[in-house]
file query-v8.cif (mmCIF, C-alpha atoms)
data_entry
loop_
_atom_site.group_PDB
_atom_site.id
_atom_site.type_symbol
_atom_site.label_atom_id
_atom_site.label_comp_id
_atom_site.auth_asym_id
_atom_site.auth_seq_id
_atom_site.Cartn_x
_atom_site.Cartn_y
_atom_site.Cartn_z
ATOM 1 C CA MET Z 1 15.575 -8.712 -8.716
ATOM 2 C CA ILE Z 2 17.239 -6.939 -11.626
ATOM 3 C CA ALA Z 3 17.061 -3.443 -13.081
ATOM 4 C CA LEU Z 4 14.233 -2.812 -15.537
ATOM 5 C CA THR Z 5 13.783 -0.148 -18.196
ATOM 6 C CA HIS Z 6 10.600 1.170 -19.751
ATOM 7 C CA ASP Z 7 10.490 1.165 -23.533
ATOM 8 C CA ARG Z 8 9.132 4.647 -24.155
ATOM 9 C CA ARG Z 9 8.362 4.368 -27.840
ATOM 10 C CA ALA Z 10 4.842 5.346 -28.811
ATOM 11 C CA ALA Z 11 4.594 2.123 -30.775
ATOM 12 C CA VAL Z 12 4.673 -0.020 -27.620
ATOM 13 C CA ILE Z 13 2.902 2.131 -25.013
ATOM 14 C CA PRO Z 14 -0.869 1.754 -25.438
ATOM 15 C CA SER Z 15 -2.527 5.025 -26.427
ATOM 16 C CA THR Z 16 -4.797 4.771 -23.380
ATOM 17 C CA PHE Z 17 -1.898 5.756 -21.130
ATOM 18 C CA ARG Z 18 -0.565 8.768 -23.028
ATOM 19 C CA GLY Z 19 -1.530 12.017 -24.689
ATOM 20 C CA SER Z 20 -5.113 13.204 -24.933
ATOM 21 C CA ASN Z 21 -6.554 9.811 -23.977
ATOM 22 C CA GLN Z 22 -4.709 9.840 -20.675
ATOM 23 C CA LYS Z 23 -5.747 13.433 -19.999
ATOM 24 C CA ARG Z 24 -9.404 12.524 -20.469
ATOM 25 C CA ARG Z 25 -9.011 9.638 -18.052
ATOM 26 C CA GLU Z 26 -7.296 11.877 -15.511
ATOM 27 C CA LEU Z 27 -10.130 14.408 -15.660
ATOM 28 C CA THR Z 28 -12.680 11.650 -15.114
ATOM 29 C CA LEU Z 29 -10.658 10.413 -12.136
ATOM 30 C CA LEU Z 30 -10.435 13.896 -10.615
ATOM 31 C CA LYS Z 31 -14.173 14.482 -10.949
ATOM 32 C CA ALA Z 32 -14.999 11.088 -9.465
ATOM 33 C CA GLN Z 33 -12.678 11.711 -6.524
ATOM 34 C CA ARG Z 34 -14.281 15.120 -5.962
ATOM 35 C CA GLU Z 35 -17.742 13.595 -5.917
ATOM 36 C CA GLY Z 36 -16.685 10.586 -3.845
ATOM 37 C CA THR Z 37 -17.681 8.173 -6.585
ATOM 38 C CA THR Z 38 -14.252 6.834 -7.562
ATOM 39 C CA ALA Z 39 -14.603 3.227 -8.671
ATOM 40 C CA LEU Z 40 -11.299 1.964 -10.003
ATOM 41 C CA LYS Z 41 -11.389 -1.187 -12.114
ATOM 42 C CA SER Z 42 -8.599 -3.473 -13.327
ATOM 43 C CA SER Z 43 -9.771 -2.874 -16.890
ATOM 44 C CA GLN Z 44 -8.380 0.656 -16.557
ATOM 45 C CA TRP Z 45 -4.774 -0.597 -16.390
ATOM 46 C CA LYS Z 46 -5.046 -4.060 -17.927
ATOM 47 C CA GLY Z 47 -3.891 -2.666 -21.274
ATOM 48 C CA ALA Z 48 -0.393 -2.105 -19.866
ATOM 49 C CA LYS Z 49 0.104 -5.771 -19.010
ATOM 50 C CA ALA Z 50 1.549 -7.068 -22.283
ATOM 51 C CA GLN Z 51 4.300 -4.452 -22.497
ATOM 52 C CA LEU Z 52 5.195 -4.713 -18.811
ATOM 53 C CA ARG Z 53 5.405 -8.479 -19.175
ATOM 54 C CA ALA Z 54 7.775 -8.092 -22.118
ATOM 55 C CA GLU Z 55 9.976 -5.684 -20.159
ATOM 56 C CA THR Z 56 10.332 -8.137 -17.271
ATOM 57 C CA GLN Z 57 11.017 -11.080 -19.617
ATOM 58 C CA ARG Z 58 7.829 -12.758 -18.329
ATOM 59 C CA LYS Z 59 9.162 -12.764 -14.772
ATOM 60 C CA CYS Z 60 7.853 -11.127 -11.623
ATOM 61 C CA ALA Z 61 9.554 -7.743 -11.262
ATOM 62 C CA TYR Z 62 10.048 -8.370 -7.547
ATOM 63 C CA CYS Z 63 10.982 -12.017 -6.963
ATOM 64 C CA ASP Z 64 12.632 -12.572 -10.380
ATOM 65 C CA ALA Z 65 10.829 -15.884 -10.825
ATOM 66 C CA PRO Z 66 9.023 -16.902 -14.035
ATOM 67 C CA ALA Z 67 5.337 -16.095 -13.877
ATOM 68 C CA ALA Z 68 4.397 -19.699 -14.581
ATOM 69 C CA ALA Z 69 6.540 -20.917 -11.671
ATOM 70 C CA VAL Z 70 5.184 -18.748 -8.861
ATOM 71 C CA ALA Z 71 1.661 -17.480 -9.458
ATOM 72 C CA HIS Z 72 -0.409 -15.536 -11.924
ATOM 73 C CA CYS Z 73 1.196 -12.180 -12.693
ATOM 74 C CA ASP Z 74 -0.669 -8.972 -13.362
ATOM 75 C CA VAL Z 75 -0.277 -5.204 -13.377
ATOM 76 C CA GLU Z 76 0.857 -4.082 -9.917
ATOM 77 C CA HIS Z 77 0.563 -0.546 -8.556
ATOM 78 C CA TYR Z 78 3.927 0.220 -6.953
ATOM 79 C CA ARG Z 79 2.380 2.998 -4.894
ATOM 80 C CA PRO Z 80 -0.942 1.502 -3.744
ATOM 81 C CA LYS Z 81 -3.943 2.971 -5.498
ATOM 82 C CA SER Z 82 -5.901 2.881 -2.236
ATOM 83 C CA ILE Z 83 -3.507 5.527 -0.857
ATOM 84 C CA TYR Z 84 -2.117 7.256 -3.944
ATOM 85 C CA TRP Z 85 -5.405 7.413 -5.823
ATOM 86 C CA TRP Z 86 -4.093 10.058 -8.244
ATOM 87 C CA LEU Z 87 -1.449 7.597 -9.495
ATOM 88 C CA ALA Z 88 -3.939 4.792 -10.136
ATOM 89 C CA LEU Z 89 -3.878 5.459 -13.891
ATOM 90 C CA CYS Z 90 -0.183 6.380 -14.077
ATOM 91 C CA TYR Z 91 1.837 4.145 -16.404
ATOM 92 C CA ASP Z 92 5.057 4.790 -14.470
ATOM 93 C CA ASN Z 93 3.438 3.444 -11.310
ATOM 94 C CA TYR Z 94 2.957 -0.003 -12.844
ATOM 95 C CA LEU Z 95 5.021 -3.185 -12.709
ATOM 96 C CA TYR Z 96 4.434 -6.785 -13.769
ATOM 97 C CA ALA Z 97 4.341 -8.763 -10.519
ATOM 98 C CA CYS Z 98 3.109 -12.090 -9.229
ATOM 99 C CA GLN Z 99 0.082 -12.326 -6.966
ATOM 100 C CA ILE Z 100 2.138 -13.744 -4.099
ATOM 101 C CA CYS Z 101 4.561 -10.803 -3.978
ATOM 102 C CA ASN Z 102 1.849 -8.264 -4.679
ATOM 103 C CA GLN Z 103 -1.339 -9.435 -3.005
ATOM 104 C CA VAL Z 104 -0.283 -11.988 -0.387
ATOM 105 C CA HIS Z 105 2.669 -9.962 0.897
ATOM 106 C CA LYS Z 106 2.790 -6.303 -0.192
ATOM 107 C CA GLY Z 107 -0.894 -5.478 -0.330
ATOM 108 C CA ASP Z 108 -1.539 -1.804 0.409
ATOM 109 C CA ARG Z 109 1.651 -1.294 2.417
ATOM 110 C CA PHE Z 110 4.184 1.278 1.246
ATOM 111 C CA PRO Z 111 6.839 2.149 3.841
ATOM 112 C CA ILE Z 112 8.649 5.460 3.437
ATOM 113 C CA ALA Z 113 11.357 7.325 5.352
ATOM 114 C CA GLY Z 114 10.513 10.811 4.084
ATOM 115 C CA PRO Z 115 7.486 13.101 3.927
ATOM 116 C CA PRO Z 116 4.501 11.496 2.170
ATOM 117 C CA LEU Z 117 3.353 12.644 -1.229
ATOM 118 C CA THR Z 118 0.197 14.710 -1.315
ATOM 119 C CA GLY Z 119 -2.310 14.416 -4.097
ATOM 120 C CA PRO Z 120 -4.196 17.155 -5.906
ATOM 121 C CA VAL Z 121 -6.882 18.987 -3.943
ATOM 122 C CA VAL Z 122 -10.221 18.236 -5.565
ATOM 123 C CA HIS Z 123 -12.970 18.762 -2.991
ATOM 124 C CA GLY Z 124 -14.959 21.911 -3.633
ATOM 125 C CA VAL Z 125 -12.955 22.588 -6.791
ATOM 126 C CA SER Z 126 -14.645 23.695 -10.021
ATOM 127 C CA ASP Z 127 -14.564 21.745 -13.274
ATOM 128 C CA GLN Z 128 -12.361 24.446 -14.752
ATOM 129 C CA ALA Z 129 -9.861 24.111 -11.905
ATOM 130 C CA LEU Z 130 -9.846 20.329 -12.273
ATOM 131 C CA GLN Z 131 -9.143 20.723 -15.972
ATOM 132 C CA ALA Z 132 -6.105 22.830 -15.068
ATOM 133 C CA LEU Z 133 -4.811 20.003 -12.860
ATOM 134 C CA VAL Z 134 -4.853 17.470 -15.678
ATOM 135 C CA GLY Z 135 -1.348 16.466 -16.692
ATOM 136 C CA THR Z 136 0.301 17.952 -13.600
ATOM 137 C CA PHE Z 137 0.117 15.195 -10.984
ATOM 138 C CA ALA Z 138 1.297 12.180 -12.996
ATOM 139 C CA PRO Z 139 3.754 11.938 -15.899
ATOM 140 C CA ASP Z 140 2.862 11.156 -19.477
ATOM 141 C CA PRO Z 141 5.221 8.240 -20.305
ATOM 142 C CA LEU Z 142 6.218 9.932 -23.571
ATOM 143 C CA ASP Z 143 6.817 13.396 -22.101
ATOM 144 C CA LEU Z 144 10.492 12.841 -21.324
ATOM 145 C CA PRO Z 145 11.332 16.480 -20.429
ATOM 146 C CA ALA Z 146 8.679 16.464 -17.687
ATOM 147 C CA LEU Z 147 9.566 13.041 -16.294
ATOM 148 C CA PRO Z 148 12.572 14.007 -14.076
ATOM 149 C CA ALA Z 149 10.495 16.420 -11.983
ATOM 150 C CA HIS Z 150 7.948 13.711 -11.217
ATOM 151 C CA LEU Z 151 10.653 11.166 -10.401
ATOM 152 C CA ALA Z 152 12.365 13.646 -8.080
ATOM 153 C CA ALA Z 153 9.105 14.307 -6.235
ATOM 154 C CA TRP Z 154 8.540 10.576 -5.823
ATOM 155 C CA ALA Z 155 12.111 9.997 -4.631
ATOM 156 C CA ALA Z 156 11.680 12.665 -1.936
ATOM 157 C CA GLU Z 157 9.363 10.241 -0.133
ATOM 158 C CA ARG Z 158 12.418 8.007 0.321
ATOM 159 C CA PRO Z 159 10.538 4.759 -0.344
ATOM 160 C CA LEU Z 160 11.699 1.705 1.574
ATOM 161 C CA ALA Z 161 10.357 -0.517 -1.202
ATOM 162 C CA VAL Z 162 12.609 -1.105 -4.199
ATOM 163 C CA ASN Z 163 11.147 -0.355 -7.618
ATOM 164 C CA PRO Z 164 13.511 -1.919 -10.191
ATOM 165 C CA TYR Z 165 12.401 0.630 -12.794
ATOM 166 C CA LEU Z 166 13.605 3.477 -10.578
ATOM 167 C CA VAL Z 167 16.595 1.992 -8.732
ATOM 168 C CA ASP Z 168 19.127 -0.640 -9.781
ATOM 169 C CA PRO Z 169 18.385 -3.296 -7.135
ATOM 170 C CA GLU Z 170 21.402 -5.541 -7.728
ATOM 171 C CA PRO Z 171 23.913 -3.610 -5.554
ATOM 172 C CA LEU Z 172 21.427 -3.615 -2.661
ATOM 173 C CA PHE Z 173 21.169 -7.374 -2.262
ATOM 174 C CA ALA Z 174 23.409 -10.345 -1.516
ATOM 175 C CA TYR Z 175 22.561 -14.047 -1.465
ATOM 176 C CA GLU Z 176 23.427 -16.818 0.973
ATOM 177 C CA ALA Z 177 23.411 -20.449 -0.137
ATOM 178 C CA ASP Z 178 22.823 -23.106 2.518
ATOM 179 C CA VAL Z 179 23.999 -26.454 1.161
ATOM 180 C CA ALA Z 180 22.646 -28.385 4.147
ATOM 181 C CA LEU Z 181 19.129 -26.961 3.823
ATOM 182 C CA GLN Z 182 19.406 -26.699 0.024
ATOM 183 C CA GLU Z 183 18.086 -23.179 -0.134
ATOM 184 C CA VAL Z 184 19.281 -19.697 -1.057
ATOM 185 C CA SER Z 185 18.207 -16.650 0.937
ATOM 186 C CA ILE Z 186 18.365 -13.027 -0.153
ATOM 187 C CA VAL Z 187 19.876 -10.550 2.326
ATOM 188 C CA PRO Z 188 20.913 -6.878 2.378
ATOM 189 C CA GLU Z 189 24.360 -6.306 0.873
ATOM 190 C CA PRO Z 190 26.544 -5.690 3.969
ATOM 191 C CA THR Z 191 28.896 -3.264 2.201
ATOM 192 C CA GLN Z 192 26.093 -0.799 1.509
ATOM 193 C CA THR Z 193 25.192 2.118 3.776
ATOM 194 C CA ALA Z 194 22.867 1.599 6.708
ATOM 195 C CA ALA Z 195 20.114 3.445 4.827
ATOM 196 C CA GLU Z 196 20.502 1.274 1.733
ATOM 197 C CA GLN Z 197 20.564 -1.887 3.839
ATOM 198 C CA GLU Z 198 17.303 -0.781 5.447
ATOM 199 C CA VAL Z 199 15.714 -0.355 2.015
ATOM 200 C CA ALA Z 200 16.849 -3.866 1.099
ATOM 201 C CA ARG Z 201 15.634 -5.307 4.411
ATOM 202 C CA GLN Z 202 12.234 -3.663 4.139
ATOM 203 C CA SER Z 203 11.850 -4.771 0.511
ATOM 204 C CA ILE Z 204 12.701 -8.379 1.344
ATOM 205 C CA GLY Z 205 10.002 -8.431 3.989
ATOM 206 C CA LEU Z 206 7.471 -6.397 2.029
ATOM 207 C CA TYR Z 207 7.569 -8.609 -1.061
ATOM 208 C CA GLY Z 208 8.113 -11.873 0.822
ATOM 209 C CA LEU Z 209 11.362 -12.542 -1.029
ATOM 210 C CA ASN Z 210 12.495 -15.174 1.464
ATOM 211 C CA ARG Z 211 9.371 -17.288 1.404
ATOM 212 C CA GLU Z 212 10.133 -20.995 1.392
ATOM 213 C CA GLU Z 213 9.236 -21.758 -2.209
ATOM 214 C CA LEU Z 214 11.586 -19.044 -3.471
ATOM 215 C CA ARG Z 215 14.481 -20.180 -1.279
ATOM 216 C CA LEU Z 216 14.110 -23.727 -2.584
ATOM 217 C CA GLN Z 217 13.686 -22.712 -6.229
ATOM 218 C CA ARG Z 218 16.735 -20.468 -6.043
ATOM 219 C CA TYR Z 219 18.820 -23.371 -4.796
ATOM 220 C CA ILE Z 220 17.895 -25.523 -7.789
ATOM 221 C CA THR Z 221 19.208 -22.766 -10.049
ATOM 222 C CA PHE Z 222 22.229 -22.257 -7.780
ATOM 223 C CA GLU Z 223 23.237 -25.930 -8.057
ATOM 224 C CA ILE Z 224 23.450 -25.706 -11.847
ATOM 225 C CA LEU Z 225 25.288 -22.416 -11.541
ATOM 226 C CA SER Z 226 27.754 -23.848 -9.042
ATOM 227 C CA LEU Z 227 28.539 -26.867 -11.199
ATOM 228 C CA ALA Z 228 29.259 -24.626 -14.177
ATOM 229 C CA HIS Z 229 31.471 -22.424 -11.997
ATOM 230 C CA GLU Z 230 33.466 -25.398 -10.745
ATOM 231 C CA GLY Z 231 33.824 -26.716 -14.280
ATOM 232 C CA LEU Z 232 35.154 -23.385 -15.498
ATOM 233 C CA VAL Z 233 37.620 -23.158 -12.607
ATOM 234 C CA GLU Z 234 38.989 -26.577 -13.523
ATOM 235 C CA GLN Z 235 38.974 -25.845 -17.257
ATOM 236 C CA PRO Z 236 39.118 -22.067 -17.887
ATOM 237 C CA ASN Z 237 38.662 -22.568 -21.629
ATOM 238 C CA ASN Z 238 35.600 -24.786 -21.310
ATOM 239 C CA ALA Z 239 33.186 -23.087 -23.708
ATOM 240 C CA ARG Z 240 30.226 -25.163 -22.567
ATOM 241 C CA MET Z 241 30.600 -24.147 -18.911
ATOM 242 C CA ARG Z 242 31.033 -20.502 -19.891
ATOM 243 C CA ALA Z 243 27.909 -20.693 -22.055
ATOM 244 C CA ILE Z 244 25.924 -22.011 -19.083
ATOM 245 C CA LEU Z 245 27.048 -19.106 -16.914
ATOM 246 C CA GLU Z 246 26.246 -16.624 -19.671
ATOM 247 C CA ARG Z 247 22.783 -18.094 -20.021
ATOM 248 C CA GLN Z 248 22.152 -17.977 -16.264
ATOM 249 C CA VAL Z 249 23.021 -14.277 -15.931
ATOM 250 C CA ALA Z 250 20.940 -13.232 -18.961
ATOM 251 C CA PRO Z 251 17.961 -11.007 -18.047
ATOM 252 C CA GLU Z 252 15.424 -13.536 -19.277
ATOM 253 C CA HIS Z 253 16.734 -16.306 -17.004
ATOM 254 C CA GLU Z 254 14.993 -17.098 -13.737
ATOM 255 C CA PHE Z 255 16.683 -15.571 -10.689
ATOM 256 C CA SER Z 256 19.222 -13.819 -12.901
ATOM 257 C CA GLY Z 257 19.858 -11.293 -10.119
ATOM 258 C CA MET Z 258 21.044 -14.094 -7.846
ATOM 259 C CA CYS Z 259 23.064 -15.656 -10.655
ATOM 260 C CA ARG Z 260 24.840 -12.374 -11.380
ATOM 261 C CA TYR Z 261 25.680 -12.004 -7.700
ATOM 262 C CA PHE Z 262 27.498 -15.330 -7.500
ATOM 263 C CA VAL Z 263 29.008 -15.307 -10.986
ATOM 264 C CA ARG Z 264 30.286 -11.732 -11.005
ATOM 265 C CA ARG Z 265 30.643 -10.624 -7.401
ATOM 266 C CA VAL Z 266 31.525 -13.823 -5.551
ATOM 267 C CA TRP Z 267 33.313 -15.919 -8.168
ATOM 268 C CA ASP Z 268 34.545 -12.979 -10.276
ATOM 269 C CA HIS Z 269 33.826 -14.471 -13.697
ATOM 270 C CA ASP Z 270 33.909 -12.023 -16.600
ATOM 271 C CA VAL Z 271 30.539 -13.003 -18.062
#
call {"tool": "encode", "arguments": {"input": "query-v8.cif", "output": "structure tokens"}}
result
Amino acid sequence: MIALTHDRRAAVIPSTFRGSNQKRRELTLLKAQREGTTALKSSQWKGAKAQLRAETQRKCAYCDAPAAAVAHCDVEHYRPKSIYWWLALCYDNYLYACQICNQVHKGDRFPIAGPPLTGPVVHGVSDQALQALVGTFAPDPLDLPALPAHLAAWAAERPLAVNPYLVDPEPLFAYEADVALQEVSIVPEPTQTAAEQEVARQSIGLYGLNREELRLQRYITFEILSLAHEGLVEQPNNARMRAILERQVAPEHEFSGMCRYFVRRVWDHDV
């Protein structure tokens, strides 16, 4: 898992998720929730998929594996829409994630260590009052001045599930290579605080980051990485070995979070 950043230019964020279009959708959502007729459909967030995929370099935001190598990837609701219904249409609640991490493992679970968020009160509320709520319970991705307040409110829940758009995940995790079993496991970074290690531990379990296929696939990448490391130790000026390491730690490379851990934190290469 590596840190991700939203591109907040209007040119890349579909108009559905911002401005007046988003406000209309929010009002419809509020009214449906009031009447008990909410029927969320994937078509309501499908338009975000292309940009999210580009931001993750066509990899799952959680397991860091290429979409084609693990399972079909789609728009994932970080905070489950079945619980946080008011964030179902929120662009900043979306990630590009594989079905195994998202559906097989995470599902509707969302562990927290703080007080849970509460959504807008809609039952028995007039249309005029609902209109006043529009734009207050979820951020517009282009309204940068308003974004910090929303992020602070979300952070107060103290989620035990890492969102790489909100927290740099790399310092939270370490990796252990088992040459005998030919697999690499992800573990909490032992130098972090107990609270941060718990976030890492919960995230590993929640997303299924140590499932067998990932451990084995990581090792294949690790073997190439290790050979390049050994070659560079023997020949510090070996441009080819350095180029391999540089390619492995690049954000578009599979398991680049693991590669950065070994290359930069274990072997101390300046790439």
call {"tool": "atom_distance", "arguments": {"input": "query-v8.cif", "atom1": "CA of Val121 in chain Z", "atom2": "CA of Ile13 in chain Z"}}
result
28.7 Å
call {"tool": "residues_around", "arguments": {"input": "query-v8.cif", "residues": "Arg18 in chain Z", "least_positions_apart": "4", "cutoff": "8 Å", "atoms": "all atoms listed in the file", "output": "PyMOL selection string"}}
result
chain Z and resi 13-14+22-23+140-142
call {"tool": "atom_distance", "arguments": {"input": "query-v8.cif", "atom1": "CA of Tyr207 in chain Z", "atom2": "CA of Lys106 in chain Z"}}
result
5.4 Å
call {"tool": "atom_distance", "arguments": {"input": "query-v8.cif", "atom1": "CA of Thr56 in chain Z", "atom2": "CA of Phe255 in chain Z"}}
result
11.8 Å
call {"tool": "closest_residue", "arguments": {"input": "query-v8.cif", "among": "Z:Asn163, Z:Gln248, Z:Gln33, Z:Gln44", "to": "Asp92 in chain Z", "atoms": "all atoms listed in the file"}}
result
Z:Asn163
call {"tool": "residues_around", "arguments": {"input": "query-v8.cif", "residues": "Val75 in chain Z", "least_positions_apart": "3", "cutoff": "8 Å", "atoms": "only C-alpha atoms", "output": "MDAnalysis selection string"}}
result
chainID Z and resid 45:46 48:49 52 94:97
call {"tool": "residues_near_point", "arguments": {"input": "query-v8.cif", "point": "(-2.2, 17.1, -13.4)", "cutoff": "10 Å", "atoms": "only C-alpha atoms", "output": "tab-separated table (two decimals) with C-alpha atoms, keeping the file's coordinate frame"}}
result
chain	number	residue	atom	x	y	z
Z	23	LYS	CA	-5.75	13.43	-20.00
Z	26	GLU	CA	-7.30	11.88	-15.51
Z	27	LEU	CA	-10.13	14.41	-15.66
Z	30	LEU	CA	-10.44	13.90	-10.62
Z	86	TRP	CA	-4.09	10.06	-8.24
Z	119	GLY	CA	-2.31	14.42	-4.10
Z	120	PRO	CA	-4.20	17.16	-5.91
Z	130	LEU	CA	-9.85	20.33	-12.27
Z	131	GLN	CA	-9.14	20.72	-15.97
Z	132	ALA	CA	-6.10	22.83	-15.07
Z	133	LEU	CA	-4.81	20.00	-12.86
Z	134	VAL	CA	-4.85	17.47	-15.68
Z	135	GLY	CA	-1.35	16.47	-16.69
Z	136	THR	CA	0.30	17.95	-13.60
Z	137	PHE	CA	0.12	15.20	-10.98
Z	138	ALA	CA	1.30	12.18	-13.00
Z	139	PRO	CA	3.75	11.94	-15.90
Z	140	ASP	CA	2.86	11.16	-19.48
call {"tool": "closest_residue", "arguments": {"input": "query-v8.cif", "among": "Z:Ala39, Z:Leu227, Z:Leu87, Z:Ala3", "to": "Glu55 in chain Z", "atoms": "only C-alpha atoms"}}
result
Z:Ala3
call {"tool": "build_atoms", "arguments": {"input": "query-v8.cif", "residues": "range 226-244 of chain Z", "atoms": "N, CA and C atoms", "output": "compact mmCIF listing (two decimals), keeping the file's coordinate frame"}}
result
# COMPACT_ATOMS: atom_id res chain seq x y z
N SER Z 226 26.55 -23.45 -9.77
CA SER Z 226 27.75 -23.85 -9.04
C SER Z 226 28.55 -24.90 -9.80
N LEU Z 227 27.86 -25.84 -10.41
CA LEU Z 227 28.54 -26.87 -11.20
C LEU Z 227 29.26 -26.25 -12.39
N ALA Z 228 28.62 -25.30 -13.04
CA ALA Z 228 29.26 -24.63 -14.18
C ALA Z 228 30.47 -23.82 -13.71
N HIS Z 229 30.35 -23.18 -12.57
CA HIS Z 229 31.47 -22.42 -12.00
C HIS Z 229 32.65 -23.34 -11.72
N GLU Z 230 32.39 -24.46 -11.07
CA GLU Z 230 33.47 -25.40 -10.74
C GLU Z 230 34.11 -25.95 -12.01
N GLY Z 231 33.28 -26.22 -13.02
CA GLY Z 231 33.82 -26.72 -14.28
C GLY Z 231 34.72 -25.71 -14.96
N LEU Z 232 34.35 -24.43 -14.86
CA LEU Z 232 35.15 -23.38 -15.50
C LEU Z 232 36.44 -23.12 -14.72
N VAL Z 233 36.40 -23.30 -13.41
CA VAL Z 233 37.62 -23.16 -12.61
C VAL Z 233 38.62 -24.24 -12.98
N GLU Z 234 38.12 -25.46 -13.16
CA GLU Z 234 38.99 -26.58 -13.52
C GLU Z 234 39.48 -26.46 -14.96
N GLN Z 235 38.62 -25.97 -15.84
CA GLN Z 235 38.97 -25.84 -17.26
C GLN Z 235 38.58 -24.44 -17.73
N PRO Z 236 39.45 -23.46 -17.56
CA PRO Z 236 39.12 -22.07 -17.89
C PRO Z 236 38.67 -21.84 -19.33
N ASN Z 237 39.03 -22.73 -20.22
CA ASN Z 237 38.66 -22.57 -21.63
C ASN Z 237 37.45 -23.41 -22.02
N ASN Z 238 36.75 -23.93 -21.04
CA ASN Z 238 35.60 -24.79 -21.31
C ASN Z 238 34.43 -23.92 -21.80
N ALA Z 239 34.21 -23.94 -23.10
CA ALA Z 239 33.19 -23.09 -23.71
C ALA Z 239 31.78 -23.45 -23.24
N ARG Z 240 31.56 -24.73 -22.98
CA ARG Z 240 30.23 -25.16 -22.57
C ARG Z 240 29.88 -24.60 -21.19
N MET Z 241 30.84 -24.67 -20.26
CA MET Z 241 30.60 -24.15 -18.91
C MET Z 241 30.39 -22.63 -18.95
N ARG Z 242 31.18 -21.96 -19.76
CA ARG Z 242 31.03 -20.50 -19.89
C ARG Z 242 29.66 -20.16 -20.47
N ALA Z 243 29.22 -20.94 -21.44
CA ALA Z 243 27.91 -20.69 -22.06
C ALA Z 243 26.78 -20.85 -21.03
N ILE Z 244 26.94 -21.82 -20.12
CA ILE Z 244 25.92 -22.01 -19.08
C ILE Z 244 25.85 -20.79 -18.17
